[in-house]
Structures are given as C-alpha cells and as structure tokens.
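What follows is the content of protein_35.pdb, which has PDB, C-alpha atoms and all ligand atoms:
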```pdb
MODEL        1
ATOM      1  CA  MET A 289     207.613 160.809 -73.497  1.00  0.00           C
ATOM      2  CA  SER A 290     204.062 159.534 -73.746  1.00  0.00           C
ATOM      3  CA  ASN A 291     201.709 160.068 -70.859  1.00  0.00           C
ATOM      4  CA  ILE A 292     200.896 157.134 -68.677  1.00  0.00           C
ATOM      5  CA  VAL A 293     197.276 156.637 -67.758  1.00  0.00           C
ATOM      6  CA  LYS A 294     197.612 155.030 -64.385  1.00  0.00           C
ATOM      7  CA  LYS A 295     194.934 152.506 -63.548  1.00  0.00           C
ATOM      8  CA  GLY A 296     193.041 152.984 -60.303  1.00  0.00           C
ATOM      9  CA  ILE A 297     193.471 150.774 -57.273  1.00  0.00           C
ATOM     10  CA  LEU A 298     190.870 148.204 -56.362  1.00  0.00           C
ATOM     11  CA  ILE A 299     190.000 148.839 -52.719  1.00  0.00           C
ATOM     12  CA  VAL A 300     188.206 146.154 -50.787  1.00  0.00           C
ATOM     13  CA  VAL A 301     186.552 147.250 -47.564  1.00  0.00           C
ATOM     14  CA  SER A 302     185.188 144.676 -45.156  1.00  0.00           C
ATOM     15  CA  GLY A 303     184.058 144.919 -41.584  1.00  0.00           C
ATOM     16  CA  PHE A 304     181.571 143.483 -39.157  1.00  0.00           C
ATOM     17  CA  SER A 305     177.941 144.240 -39.880  1.00  0.00           C
ATOM     18  CA  GLY A 306     177.231 147.441 -37.937  1.00  0.00           C
ATOM     19  CA  ALA A 307     180.849 148.669 -37.939  1.00  0.00           C
ATOM     20  CA  GLY A 308     179.681 151.693 -39.911  1.00  0.00           C
ATOM     21  CA  LYS A 309     181.511 150.958 -43.151  1.00  0.00           C
ATOM     22  CA  GLY A 310     178.564 151.981 -45.326  1.00  0.00           C
ATOM     23  CA  THR A 311     178.465 155.486 -43.823  1.00  0.00           C
ATOM     24  CA  LEU A 312     182.237 155.697 -43.950  1.00  0.00           C
ATOM     25  CA  MET A 313     182.329 154.802 -47.651  1.00  0.00           C
ATOM     26  CA  LYS A 314     179.563 157.240 -48.569  1.00  0.00           C
ATOM     27  CA  LYS A 315     181.514 160.019 -46.854  1.00  0.00           C
ATOM     28  CA  LEU A 316     184.770 159.024 -48.554  1.00  0.00           C
ATOM     29  CA  ILE A 317     183.112 159.130 -51.984  1.00  0.00           C
ATOM     30  CA  SER A 318     181.473 162.490 -51.304  1.00  0.00           C
ATOM     31  CA  GLU A 319     184.638 164.177 -49.958  1.00  0.00           C
ATOM     32  CA  TYR A 320     187.144 163.063 -52.582  1.00  0.00           C
ATOM     33  CA  ASP A 321     186.660 162.810 -56.318  1.00  0.00           C
ATOM     34  CA  ASN A 322     189.002 159.956 -57.189  1.00  0.00           C
ATOM     35  CA  TYR A 323     186.709 157.170 -55.961  1.00  0.00           C
ATOM     36  CA  ALA A 324     183.954 155.107 -57.534  1.00  0.00           C
ATOM     37  CA  LEU A 325     181.775 152.904 -55.367  1.00  0.00           C
ATOM     38  CA  SER A 326     180.735 149.612 -56.877  1.00  0.00           C
ATOM     39  CA  VAL A 327     177.068 148.691 -56.402  1.00  0.00           C
ATOM     40  CA  SER A 328     176.627 145.004 -55.627  1.00  0.00           C
ATOM     41  CA  MET A 329     173.887 142.629 -56.622  1.00  0.00           C
ATOM     42  CA  THR A 330     171.977 140.846 -53.865  1.00  0.00           C
ATOM     43  CA  THR A 331     169.044 138.535 -53.284  1.00  0.00           C
ATOM     44  CA  ARG A 332     168.376 140.230 -49.908  1.00  0.00           C
ATOM     45  CA  LYS A 333     165.168 142.244 -49.670  1.00  0.00           C
ATOM     46  CA  PRO A 334     165.618 146.052 -49.642  1.00  0.00           C
ATOM     47  CA  ARG A 335     165.592 147.715 -46.195  1.00  0.00           C
ATOM     48  CA  LYS A 336     163.433 150.762 -45.596  1.00  0.00           C
ATOM     49  CA  GLY A 337     164.954 153.666 -47.546  1.00  0.00           C
ATOM     50  CA  GLU A 338     167.153 151.512 -49.775  1.00  0.00           C
ATOM     51  CA  GLN A 339     166.826 152.042 -53.525  1.00  0.00           C
ATOM     52  CA  ASP A 340     167.396 149.598 -56.344  1.00  0.00           C
ATOM     53  CA  GLY A 341     170.592 150.574 -58.169  1.00  0.00           C
ATOM     54  CA  ARG A 342     171.824 152.809 -55.324  1.00  0.00           C
ATOM     55  CA  GLU A 343     172.543 150.584 -52.298  1.00  0.00           C
ATOM     56  CA  TYR A 344     172.245 147.353 -54.284  1.00  0.00           C
ATOM     57  CA  TYR A 345     170.747 145.840 -57.394  1.00  0.00           C
ATOM     58  CA  PHE A 346     168.014 143.794 -55.729  1.00  0.00           C
ATOM     59  CA  VAL A 347     167.366 140.640 -57.760  1.00  0.00           C
ATOM     60  CA  THR A 348     165.759 137.226 -57.437  1.00  0.00           C
ATOM     61  CA  ARG A 349     167.811 134.118 -56.748  1.00  0.00           C
ATOM     62  CA  GLU A 350     167.120 132.950 -60.351  1.00  0.00           C
ATOM     63  CA  ARG A 351     168.447 136.210 -61.820  1.00  0.00           C
ATOM     64  CA  PHE A 352     171.509 136.087 -59.562  1.00  0.00           C
ATOM     65  CA  GLU A 353     172.322 132.547 -60.676  1.00  0.00           C
ATOM     66  CA  GLU A 354     171.850 133.566 -64.311  1.00  0.00           C
ATOM     67  CA  VAL A 355     174.405 136.392 -63.902  1.00  0.00           C
ATOM     68  CA  ILE A 356     176.861 133.951 -62.253  1.00  0.00           C
ATOM     69  CA  SER A 357     176.445 131.533 -65.161  1.00  0.00           C
ATOM     70  CA  VAL A 358     177.413 134.150 -67.764  1.00  0.00           C
ATOM     71  CA  GLY A 359     180.482 135.205 -65.750  1.00  0.00           C
ATOM     72  CA  GLY A 360     179.060 138.633 -64.902  1.00  0.00           C
ATOM     73  CA  LEU A 361     180.430 138.749 -61.353  1.00  0.00           C
ATOM     74  CA  ILE A 362     184.022 139.266 -60.167  1.00  0.00           C
ATOM     75  CA  GLU A 363     183.114 137.397 -57.002  1.00  0.00           C
ATOM     76  CA  TYR A 364     180.065 136.404 -55.023  1.00  0.00           C
ATOM     77  CA  ALA A 365     179.353 134.907 -51.635  1.00  0.00           C
ATOM     78  CA  SER A 366     176.530 133.772 -49.447  1.00  0.00           C
ATOM     79  CA  TYR A 367     175.989 135.823 -46.282  1.00  0.00           C
ATOM     80  CA  VAL A 368     173.289 135.159 -43.669  1.00  0.00           C
ATOM     81  CA  ASP A 369     170.938 133.299 -46.078  1.00  0.00           C
ATOM     82  CA  ASN A 370     171.442 135.558 -49.131  1.00  0.00           C
ATOM     83  CA  TYR A 371     173.719 135.933 -52.136  1.00  0.00           C
ATOM     84  CA  TYR A 372     175.835 139.066 -52.646  1.00  0.00           C
ATOM     85  CA  GLY A 373     178.107 139.680 -55.661  1.00  0.00           C
ATOM     86  CA  THR A 374     180.207 142.302 -57.481  1.00  0.00           C
ATOM     87  CA  PRO A 375     179.315 143.051 -61.136  1.00  0.00           C
ATOM     88  CA  THR A 376     182.457 142.932 -63.303  1.00  0.00           C
ATOM     89  CA  GLU A 377     181.783 145.556 -65.956  1.00  0.00           C
ATOM     90  CA  TYR A 378     181.545 148.687 -63.785  1.00  0.00           C
ATOM     91  CA  VAL A 379     184.685 147.806 -61.820  1.00  0.00           C
ATOM     92  CA  GLU A 380     186.835 147.261 -64.909  1.00  0.00           C
ATOM     93  CA  GLU A 381     185.584 150.375 -66.665  1.00  0.00           C
ATOM     94  CA  LYS A 382     186.281 152.646 -63.668  1.00  0.00           C
ATOM     95  CA  LEU A 383     189.694 151.125 -62.913  1.00  0.00           C
ATOM     96  CA  ASN A 384     190.721 151.632 -66.534  1.00  0.00           C
ATOM     97  CA  SER A 385     189.615 155.260 -66.382  1.00  0.00           C
ATOM     98  CA  GLY A 386     191.997 155.801 -63.445  1.00  0.00           C
ATOM     99  CA  LEU A 387     189.485 155.883 -60.583  1.00  0.00           C
ATOM    100  CA  ASP A 388     189.977 153.934 -57.371  1.00  0.00           C
ATOM    101  CA  VAL A 389     187.099 151.508 -57.098  1.00  0.00           C
ATOM    102  CA  VAL A 390     185.713 150.665 -53.675  1.00  0.00           C
ATOM    103  CA  LEU A 391     184.090 147.286 -53.044  1.00  0.00           C
ATOM    104  CA  GLU A 392     182.303 147.029 -49.740  1.00  0.00           C
ATOM    105  CA  ILE A 393     182.151 143.256 -49.357  1.00  0.00           C
ATOM    106  CA  GLU A 394     182.468 140.491 -46.781  1.00  0.00           C
ATOM    107  CA  ILE A 395     185.545 138.388 -46.206  1.00  0.00           C
ATOM    108  CA  GLN A 396     184.924 135.376 -48.507  1.00  0.00           C
ATOM    109  CA  GLY A 397     184.487 137.779 -51.422  1.00  0.00           C
ATOM    110  CA  ALA A 398     187.476 139.867 -50.317  1.00  0.00           C
ATOM    111  CA  LEU A 399     189.759 136.836 -50.418  1.00  0.00           C
ATOM    112  CA  LYS A 400     188.490 135.874 -53.886  1.00  0.00           C
ATOM    113  CA  VAL A 401     189.215 139.409 -55.120  1.00  0.00           C
ATOM    114  CA  LYS A 402     192.755 139.232 -53.684  1.00  0.00           C
ATOM    115  CA  GLU A 403     193.316 135.986 -55.606  1.00  0.00           C
ATOM    116  CA  LYS A 404     192.142 137.524 -58.893  1.00  0.00           C
ATOM    117  CA  PHE A 405     193.697 140.968 -58.296  1.00  0.00           C
ATOM    118  CA  PRO A 406     196.825 140.563 -56.116  1.00  0.00           C
ATOM    119  CA  GLU A 407     197.346 144.328 -56.150  1.00  0.00           C
ATOM    120  CA  ALA A 408     193.991 145.026 -54.499  1.00  0.00           C
ATOM    121  CA  LEU A 409     194.186 146.889 -51.192  1.00  0.00           C
ATOM    122  CA  LEU A 410     192.290 145.090 -48.425  1.00  0.00           C
ATOM    123  CA  LEU A 411     190.987 147.197 -45.534  1.00  0.00           C
ATOM    124  CA  PHE A 412     189.058 146.037 -42.493  1.00  0.00           C
ATOM    125  CA  VAL A 413     186.822 148.458 -40.583  1.00  0.00           C
ATOM    126  CA  MET A 414     186.418 147.670 -36.880  1.00  0.00           C
ATOM    127  CA  PRO A 415     184.095 149.149 -34.279  1.00  0.00           C
ATOM    128  CA  PRO A 416     185.787 150.536 -31.127  1.00  0.00           C
ATOM    129  CA  SER A 417     184.270 147.594 -29.165  1.00  0.00           C
ATOM    130  CA  ILE A 418     181.849 144.688 -29.555  1.00  0.00           C
ATOM    131  CA  TYR A 419     179.535 146.415 -27.080  1.00  0.00           C
ATOM    132  CA  GLU A 420     179.400 149.396 -29.479  1.00  0.00           C
ATOM    133  CA  LEU A 421     178.800 147.065 -32.426  1.00  0.00           C
ATOM    134  CA  LYS A 422     175.770 145.441 -30.799  1.00  0.00           C
ATOM    135  CA  GLU A 423     174.412 148.854 -29.830  1.00  0.00           C
ATOM    136  CA  ARG A 424     174.733 150.104 -33.412  1.00  0.00           C
ATOM    137  CA  LEU A 425     172.942 147.033 -34.783  1.00  0.00           C
ATOM    138  CA  LEU A 426     170.129 147.474 -32.268  1.00  0.00           C
ATOM    139  CA  LYS A 427     169.846 151.222 -32.912  1.00  0.00           C
ATOM    140  CA  ARG A 428     169.727 150.718 -36.673  1.00  0.00           C
ATOM    141  CA  GLY A 429     166.466 148.869 -36.065  1.00  0.00           C
ATOM    142  CA  THR A 430     166.640 147.080 -39.414  1.00  0.00           C
ATOM    143  CA  GLU A 431     167.363 143.559 -38.191  1.00  0.00           C
ATOM    144  CA  THR A 432     165.412 141.093 -36.063  1.00  0.00           C
ATOM    145  CA  ASP A 433     166.989 139.795 -32.817  1.00  0.00           C
ATOM    146  CA  ALA A 434     167.675 136.464 -34.504  1.00  0.00           C
ATOM    147  CA  ASN A 435     169.361 138.232 -37.401  1.00  0.00           C
ATOM    148  CA  ILE A 436     171.521 140.336 -35.073  1.00  0.00           C
ATOM    149  CA  GLY A 437     172.618 137.110 -33.383  1.00  0.00           C
ATOM    150  CA  LYS A 438     173.532 135.629 -36.782  1.00  0.00           C
ATOM    151  CA  ARG A 439     175.446 138.781 -37.747  1.00  0.00           C
ATOM    152  CA  LEU A 440     177.445 138.740 -34.497  1.00  0.00           C
ATOM    153  CA  LYS A 441     178.212 135.051 -34.951  1.00  0.00           C
ATOM    154  CA  ARG A 442     179.392 135.849 -38.462  1.00  0.00           C
ATOM    155  CA  ALA A 443     181.544 138.688 -37.029  1.00  0.00           C
ATOM    156  CA  LYS A 444     183.300 136.099 -34.857  1.00  0.00           C
ATOM    157  CA  GLU A 445     184.100 133.981 -37.939  1.00  0.00           C
ATOM    158  CA  GLU A 446     185.249 137.028 -39.907  1.00  0.00           C
ATOM    159  CA  ALA A 447     187.550 138.117 -37.057  1.00  0.00           C
ATOM    160  CA  GLU A 448     189.630 135.015 -37.723  1.00  0.00           C
ATOM    161  CA  GLY A 449     190.440 136.249 -41.225  1.00  0.00           C
ATOM    162  CA  ILE A 450     191.578 139.760 -40.334  1.00  0.00           C
ATOM    163  CA  ASN A 451     195.236 138.871 -40.851  1.00  0.00           C
ATOM    164  CA  HIS A 452     194.585 138.584 -44.596  1.00  0.00           C
ATOM    165  CA  TYR A 453     193.885 142.335 -44.747  1.00  0.00           C
ATOM    166  CA  ASP A 454     196.499 145.032 -45.346  1.00  0.00           C
ATOM    167  CA  TYR A 455     195.177 147.519 -42.756  1.00  0.00           C
ATOM    168  CA  ILE A 456     192.571 147.735 -40.018  1.00  0.00           C
ATOM    169  CA  ILE A 457     190.683 150.974 -39.482  1.00  0.00           C
ATOM    170  CA  ILE A 458     188.982 151.640 -36.144  1.00  0.00           C
ATOM    171  CA  ASN A 459     185.772 153.538 -36.788  1.00  0.00           C
ATOM    172  CA  ASP A 460     185.676 155.660 -33.630  1.00  0.00           C
ATOM    173  CA  ASP A 461     185.139 159.106 -35.153  1.00  0.00           C
ATOM    174  CA  LEU A 462     183.647 159.299 -38.648  1.00  0.00           C
ATOM    175  CA  ASN A 463     185.448 162.478 -39.803  1.00  0.00           C
ATOM    176  CA  LYS A 464     188.887 161.402 -38.590  1.00  0.00           C
ATOM    177  CA  CYS A 465     188.330 157.929 -39.945  1.00  0.00           C
ATOM    178  CA  VAL A 466     187.625 159.190 -43.489  1.00  0.00           C
ATOM    179  CA  VAL A 467     190.840 161.218 -43.490  1.00  0.00           C
ATOM    180  CA  ARG A 468     192.843 158.224 -42.214  1.00  0.00           C
ATOM    181  CA  LEU A 469     191.290 155.993 -44.849  1.00  0.00           C
ATOM    182  CA  ASN A 470     192.165 158.395 -47.659  1.00  0.00           C
ATOM    183  CA  GLU A 471     195.749 158.688 -46.381  1.00  0.00           C
ATOM    184  CA  ILE A 472     196.182 154.921 -46.367  1.00  0.00           C
ATOM    185  CA  ILE A 473     194.935 154.775 -49.961  1.00  0.00           C
ATOM    186  CA  LEU A 474     197.277 157.618 -50.991  1.00  0.00           C
ATOM    187  CA  ALA A 475     200.174 155.694 -49.479  1.00  0.00           C
ATOM    188  CA  ALA A 476     199.170 152.612 -51.471  1.00  0.00           C
ATOM    189  CA  HIS A 477     199.404 154.687 -54.662  1.00  0.00           C
ATOM    190  CA  ALA A 478     203.065 155.325 -53.843  1.00  0.00           C
ATOM    191  CA  ASP A 479     203.873 151.620 -53.467  1.00  0.00           C
ATOM    192  CA  PRO A 480     206.436 150.575 -56.158  1.00  0.00           C
ATOM    193  CA  LEU A 481     204.643 147.237 -56.540  1.00  0.00           C
ATOM    194  CA  ARG A 482     201.521 149.108 -57.667  1.00  0.00           C
ATOM    195  CA  ASN A 483     203.543 151.249 -60.088  1.00  0.00           C
ATOM    196  CA  ARG A 484     205.256 148.583 -62.141  1.00  0.00           C
ATOM    197  CA  GLU A 485     204.085 149.974 -65.481  1.00  0.00           C
ATOM    198  CA  PHE A 486     205.177 153.493 -64.610  1.00  0.00           C
ATOM    199  CA  ILE A 487     208.612 152.320 -63.441  1.00  0.00           C
ATOM    200  CA  LYS A 488     209.015 150.169 -66.544  1.00  0.00           C
ATOM    201  CA  LYS A 489     208.328 153.179 -68.754  1.00  0.00           C
ATOM    202  CA  LEU A 490     210.942 155.264 -66.921  1.00  0.00           C
ATOM    203  CA  MET A 491     213.466 152.459 -67.266  1.00  0.00           C
ATOM    204  CA  ASP A 492     212.745 152.207 -71.028  1.00  0.00           C
ATOM    205  CA  ASP A 493     213.265 155.962 -71.375  1.00  0.00           C
ATOM    206  CA  LEU A 494     216.499 155.709 -69.409  1.00  0.00           C
ATOM    207  CA  SER A 495     217.812 152.874 -71.555  1.00  0.00           C
ATOM    208  CA  GLN A 496     219.068 155.333 -74.228  1.00  0.00           C
ATOM    209  CA  TYR A 497     221.580 156.836 -71.809  1.00  0.00           C
TER
HETATM  210  P1  LIG B   1     174.029 143.953 -45.720  1.00  0.00           P
HETATM  211  O1  LIG B   1     172.952 142.921 -45.779  1.00  0.00           O
HETATM  212  O2  LIG B   1     174.260 144.422 -44.294  1.00  0.00           O
HETATM  213  O3  LIG B   1     173.835 145.079 -46.685  1.00  0.00           O
HETATM  214  O4  LIG B   1     175.400 143.249 -46.180  1.00  0.00           O
HETATM  215  C1  LIG B   1     175.826 142.055 -45.584  1.00  0.00           C
HETATM  216  C2  LIG B   1     177.273 141.795 -45.921  1.00  0.00           C
HETATM  217  O5  LIG B   1     177.428 141.525 -47.315  1.00  0.00           O
HETATM  218  C3  LIG B   1     178.195 142.971 -45.596  1.00  0.00           C
HETATM  219  O6  LIG B   1     179.346 142.472 -44.938  1.00  0.00           O
HETATM  220  C4  LIG B   1     178.550 143.508 -46.970  1.00  0.00           C
HETATM  221  O7  LIG B   1     179.817 144.126 -46.976  1.00  0.00           O
HETATM  222  C5  LIG B   1     178.559 142.233 -47.783  1.00  0.00           C
HETATM  223  N1  LIG B   1     178.443 142.467 -49.227  1.00  0.00           N
HETATM  224  C6  LIG B   1     177.779 143.469 -49.858  1.00  0.00           C
HETATM  225  N2  LIG B   1     177.948 143.370 -51.182  1.00  0.00           N
HETATM  226  C7  LIG B   1     178.743 142.299 -51.408  1.00  0.00           C
HETATM  227  C8  LIG B   1     179.298 141.697 -52.594  1.00  0.00           C
HETATM  228  O8  LIG B   1     179.106 142.129 -53.726  1.00  0.00           O
HETATM  229  N3  LIG B   1     180.065 140.594 -52.415  1.00  0.00           N
HETATM  230  C9  LIG B   1     180.312 140.060 -51.179  1.00  0.00           C
HETATM  231  N4  LIG B   1     181.115 139.005 -51.127  1.00  0.00           N
HETATM  232  N5  LIG B   1     179.832 140.620 -50.058  1.00  0.00           N
HETATM  233  C10 LIG B   1     179.041 141.716 -50.155  1.00  0.00           C
ENDMDL
END
```
Show me, as structure tokens, the structure contained in the file I just sent.
Ligand code: 5GP
Amino acid sequence: MSNIVKKGILIVVSGFSGAGKGTLMKKLISEYDNYALSVSMTTRKPRKGEQDGREYYFVTRERFEEVISVGGLIEYASYVDNYYGTPTEYVEEKLNSGLDVVLEIEIQGALKVKEKFPEALLLFVMPPSIYELKERLLKRGTETDANIGKRLKRAKEEAEGINHYDYIIINDDLNKCVVRLNEIILAAHADPLRNREFIKKLMDDLSQY
C-alpha cells in the first residue's frame, strides 16, 4: 500500500475587528505545529509595531492592482477604504505539504474562498459582547474615533453573513479558545467529505477481495 500524503485543510477565520482573532491565531500557530498562517497583502498603512512581511505585505494600490492582474491572489476585498488580499503561492505550497493553512480574512473574501475551495472550513470569532468589542477597539488605541465607527458599522454588515460559516467561536478566554479552535479543526480532519482521496484508496485496495 502506498502512503497517502493528505493535503492540509484551508481554514478561514473571520470576525469583527477587535474580536481578538489576530492574537488567537498567533497563539494557535505557536502552540501547535500543523498550522501555517498566510500573510496577506494590503494597501493599508502599517500600524505601530507592524512589520512588512510579518503582519502583512504592505504595498501601494498600483502594486496591489498589478498582482490582481497577474492572478496572484486567491481572493481580495476592499475593507474600510483599503484593499486586502491572499497571495496564492504560499497557500497552495503549504496545503500540498500537508499543513493546515489559516487565512484571517473578512467575510467577502471568506465567501470567495468557499466558492473556490468548497472544502474550506469557515470559522467566525465573536467577542463576548458588543460592549467588549468597542472597549477592545478603544484600548488598542490604533484607530481614530471615525475609524472605530466604520469598523462597528462593518461588524453589523458582517453579522448578517454569519450563517455562511461552519462554526462560531466566542473569544471569552484566550487559552480555552485556542484549545476549542484546535479541537474543531481536528474534528474537521475526521470528516469523510474531507477524506475522499483516502477513502478512495482504501476502496481500491479492497477491490481485490
Ligand atoms: P486590519 O486592518 O484590522 O488588519 O484588517 C481589517 C480586516 O481585513 C480584518 O477583518 C481582516 O481579517 C481582513 N483581512 C486581512 N487580510 C485579508 C485578506 O487577505 N483578504 C480579505 N478579504 N480580508 C483580509
């Protein structure tokens, strides 16, 4: 019997701005070794402490449009006056090597990914309350009041699309939340629909009996 190299799962994580998904994803990646986090491209300016190539690839609008035109992005979307997009190459390489690839993207992009990759797992991270969400955005101190308003308005629009996701995750306690997240992903690995190739191989091997 030949070995089967199982491809990783494409995991899409969305959530309202300030829901804490960035911190949650960083912790997931550092605690388990089967994940790869995709770094997006954006036209947004870096925040204090953000590094090019780590949080994002920070590019000009012209460069972003150039990458779109050569088909270098799996998906892209406009969010609060800027472009954000997922580079194709890294995602495909890591999935093929068997790692689960995490995309931390907003809802328009998430739905495009689901169209292209029906087996993607869509997760939505929620704050315990909207009060908490606003507090987190204020405490972060990275956004202007006008921008916080825009982000909360956008949260309202995104809330309408939550039913398209497979699971919601309430980010109440970071440590518990990471464990829950990993368990959900482990369960997805056991889904027969995500194991078609493996099952097919077993059936082929059984056909001689
Ligand atoms: P922020 O400006 O707070 O870093 O990100 C704003 C929003 O853009 C967040 O909801 C984030 O998940 C989303 N985002 C980040 N990268 C991408 C991407 O590559 N594609 C899409 N569609 N959304 C992204």
Exercise. Could you expand the PyMOL selection byres (((chain A and resi 405) around 12) and not hetatm) into the explicit residues it covers here, written as a list in words?
Key: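 After applying the PyMOL selection byres (((chain A and resi 405) around 12) and not hetatm), what remains is Ile297, Leu298, Ile299, Val300, Ile362, Glu363, Val379, Glu380, Leu383, Gly397, Ala398, Leu399, Lys400, Val401, Lys402, Glu403, Lys404, Pro406, Glu407, Ala408, Leu409, Leu410 and Arg482 of chain A.
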Quiz item: Once the PyMOL selection byres (((chain A and resi 415) around 12) and not hetatm) has been applied to the shown file, what residues remain in the selection, as a PyMOL selection string?
Solution: chain A and resi 302-309+312+412-414+416-425+443+447+456-462+465
Quiz item: How many Å separate atom O3 of ligand LIG 1 (chain B) from atom CA of A:Thr374?
Solution: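 Atom-to-atom, atom O3 of ligand LIG 1 (chain B) to atom CA of A:Thr374, that is 12.8 Å.
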Find the residues of chain A that sit at most 9 Å from ligand LIG 1 (chain B); for each, write down the nearest two atoms and how far apart they are in Å, to one decimal. Count all atoms listed in the file. Sort by chain, then by number going up, and give it as a Markdown table.
```
| residue | atom | partner | partner_atom | distance |
| --- | --- | --- | --- | --- |
| A:Val301 | CA | B:LIG1 | O7 | 7.4 |
| A:Ser302 | CA | B:LIG1 | O7 | 5.7 |
| A:Gly303 | CA | B:LIG1 | O6 | 6.3 |
| A:Phe304 | CA | B:LIG1 | O6 | 6.3 |
| A:Ser305 | CA | B:LIG1 | O6 | 5.5 |
| A:Gly306 | CA | B:LIG1 | O2 | 7.6 |
| A:Lys309 | CA | B:LIG1 | O7 | 8.0 |
| A:Gly310 | CA | B:LIG1 | O7 | 8.1 |
| A:Ser326 | CA | B:LIG1 | O8 | 8.3 |
| A:Val327 | CA | B:LIG1 | O8 | 7.4 |
| A:Ser328 | CA | B:LIG1 | O8 | 4.2 |
| A:Met329 | CA | B:LIG1 | O8 | 6.0 |
| A:Thr330 | CA | B:LIG1 | N2 | 7.0 |
| A:Arg332 | CA | B:LIG1 | O1 | 6.7 |
| A:Lys333 | CA | B:LIG1 | O1 | 8.7 |
| A:Pro334 | CA | B:LIG1 | O3 | 8.8 |
| A:Arg335 | CA | B:LIG1 | O3 | 8.7 |
| A:Glu343 | CA | B:LIG1 | O3 | 8.0 |
| A:Tyr344 | CA | B:LIG1 | N2 | 7.6 |
| A:Leu361 | CA | B:LIG1 | O8 | 8.4 |
| A:Ile362 | CA | B:LIG1 | O8 | 8.6 |
| A:Glu363 | CA | B:LIG1 | N3 | 6.4 |
| A:Tyr364 | CA | B:LIG1 | N4 | 4.8 |
| A:Ala365 | CA | B:LIG1 | N4 | 4.5 |
| A:Ser366 | CA | B:LIG1 | N4 | 7.2 |
| A:Tyr367 | CA | B:LIG1 | O5 | 6.0 |
| A:Val368 | CA | B:LIG1 | C1 | 7.6 |
| A:Asn370 | CA | B:LIG1 | O1 | 8.2 |
| A:Tyr371 | CA | B:LIG1 | C9 | 7.8 |
| A:Tyr372 | CA | B:LIG1 | C8 | 4.3 |
| A:Gly373 | CA | B:LIG1 | O8 | 3.3 |
| A:Thr374 | CA | B:LIG1 | O8 | 3.9 |
| A:Pro375 | CA | B:LIG1 | O8 | 7.5 |
| A:Leu391 | CA | B:LIG1 | O8 | 7.2 |
| A:Glu392 | CA | B:LIG1 | O7 | 4.7 |
| A:Ile393 | CA | B:LIG1 | O7 | 3.4 |
| A:Glu394 | CA | B:LIG1 | O6 | 4.1 |
| A:Ile395 | CA | B:LIG1 | N4 | 6.6 |
| A:Gln396 | CA | B:LIG1 | N4 | 5.9 |
| A:Gly397 | CA | B:LIG1 | N4 | 3.6 |
| A:Ala398 | CA | B:LIG1 | N4 | 6.5 |
| A:Leu399 | CA | B:LIG1 | N4 | 8.9 |
| A:Lys400 | CA | B:LIG1 | N4 | 8.5 |
| A:Arg439 | CA | B:LIG1 | C1 | 8.5 |
```
Exercise. Could you tell me how far atom CA of A:Asn322 lies from atom CA of A:Val347, in Å and to one decimal?
Key: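 Distance reported for this atom pair: 29.0 Å.
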Just need the box for stretch 296-307 of chain A, edges along x, y and z, holding every atom the file lists for it with 3 Å tacked onto each side, so centre and edge lengths in Å to one decimal, as lines of an AutoDock Vina configuration file.
```
center_x = 185.4
center_y = 148.2
center_z = -49.1
size_x = 22.2
size_y = 15.5
size_z = 28.4
```
Self-check item: Length of the atom CA of A:Ser318 to atom CA of A:Leu411 vector [Å]
Solution: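 Atom CA of A:Leu411 lies 18.9 Å from atom CA of A:Ser318.
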Self-check item: Top pick for closest residue to A:Thr348, considering A:Asn435, A:Leu469, A:Met491, A:Thr331 and counting all atoms listed in the file
Solution: A:Thr331
Practice problem: Translate the PyMOL selection byres (((chain A and resi 382) around 12) and not hetatm), as applied to the file shown, into an explicit residue set as JSON, numbers by chain. | Solution: {"A": [294, 295, 296, 297, 298, 322, 323, 324, 325, 326, 376, 377, 378, 379, 380, 381, 383, 384, 385, 386, 387, 388, 389, 390]}
Generate the output file for the selected residues, C-alpha atoms, as an mmCIF file, in the frame of the given file.
```cif
data_model
loop_
_atom_site.group_PDB
_atom_site.id
_atom_site.type_symbol
_atom_site.label_atom_id
_atom_site.label_comp_id
_atom_site.auth_asym_id
_atom_site.auth_seq_id
_atom_site.Cartn_x
_atom_site.Cartn_y
_atom_site.Cartn_z
ATOM 1 C CA LYS A 294 197.612 155.030 -64.385
ATOM 2 C CA LYS A 295 194.934 152.506 -63.548
ATOM 3 C CA GLY A 296 193.041 152.984 -60.303
ATOM 4 C CA ILE A 297 193.471 150.774 -57.273
ATOM 5 C CA LEU A 298 190.870 148.204 -56.362
ATOM 6 C CA ASN A 322 189.002 159.956 -57.189
ATOM 7 C CA TYR A 323 186.709 157.170 -55.961
ATOM 8 C CA ALA A 324 183.954 155.107 -57.534
ATOM 9 C CA LEU A 325 181.775 152.904 -55.367
ATOM 10 C CA SER A 326 180.735 149.612 -56.877
ATOM 11 C CA THR A 376 182.457 142.932 -63.303
ATOM 12 C CA GLU A 377 181.783 145.556 -65.956
ATOM 13 C CA TYR A 378 181.545 148.687 -63.785
ATOM 14 C CA VAL A 379 184.685 147.806 -61.820
ATOM 15 C CA GLU A 380 186.835 147.261 -64.909
ATOM 16 C CA GLU A 381 185.584 150.375 -66.665
ATOM 17 C CA LEU A 383 189.694 151.125 -62.913
ATOM 18 C CA ASN A 384 190.721 151.632 -66.534
ATOM 19 C CA SER A 385 189.615 155.260 -66.382
ATOM 20 C CA GLY A 386 191.997 155.801 -63.445
ATOM 21 C CA LEU A 387 189.485 155.883 -60.583
ATOM 22 C CA ASP A 388 189.977 153.934 -57.371
ATOM 23 C CA VAL A 389 187.099 151.508 -57.098
ATOM 24 C CA VAL A 390 185.713 150.665 -53.675
#
```
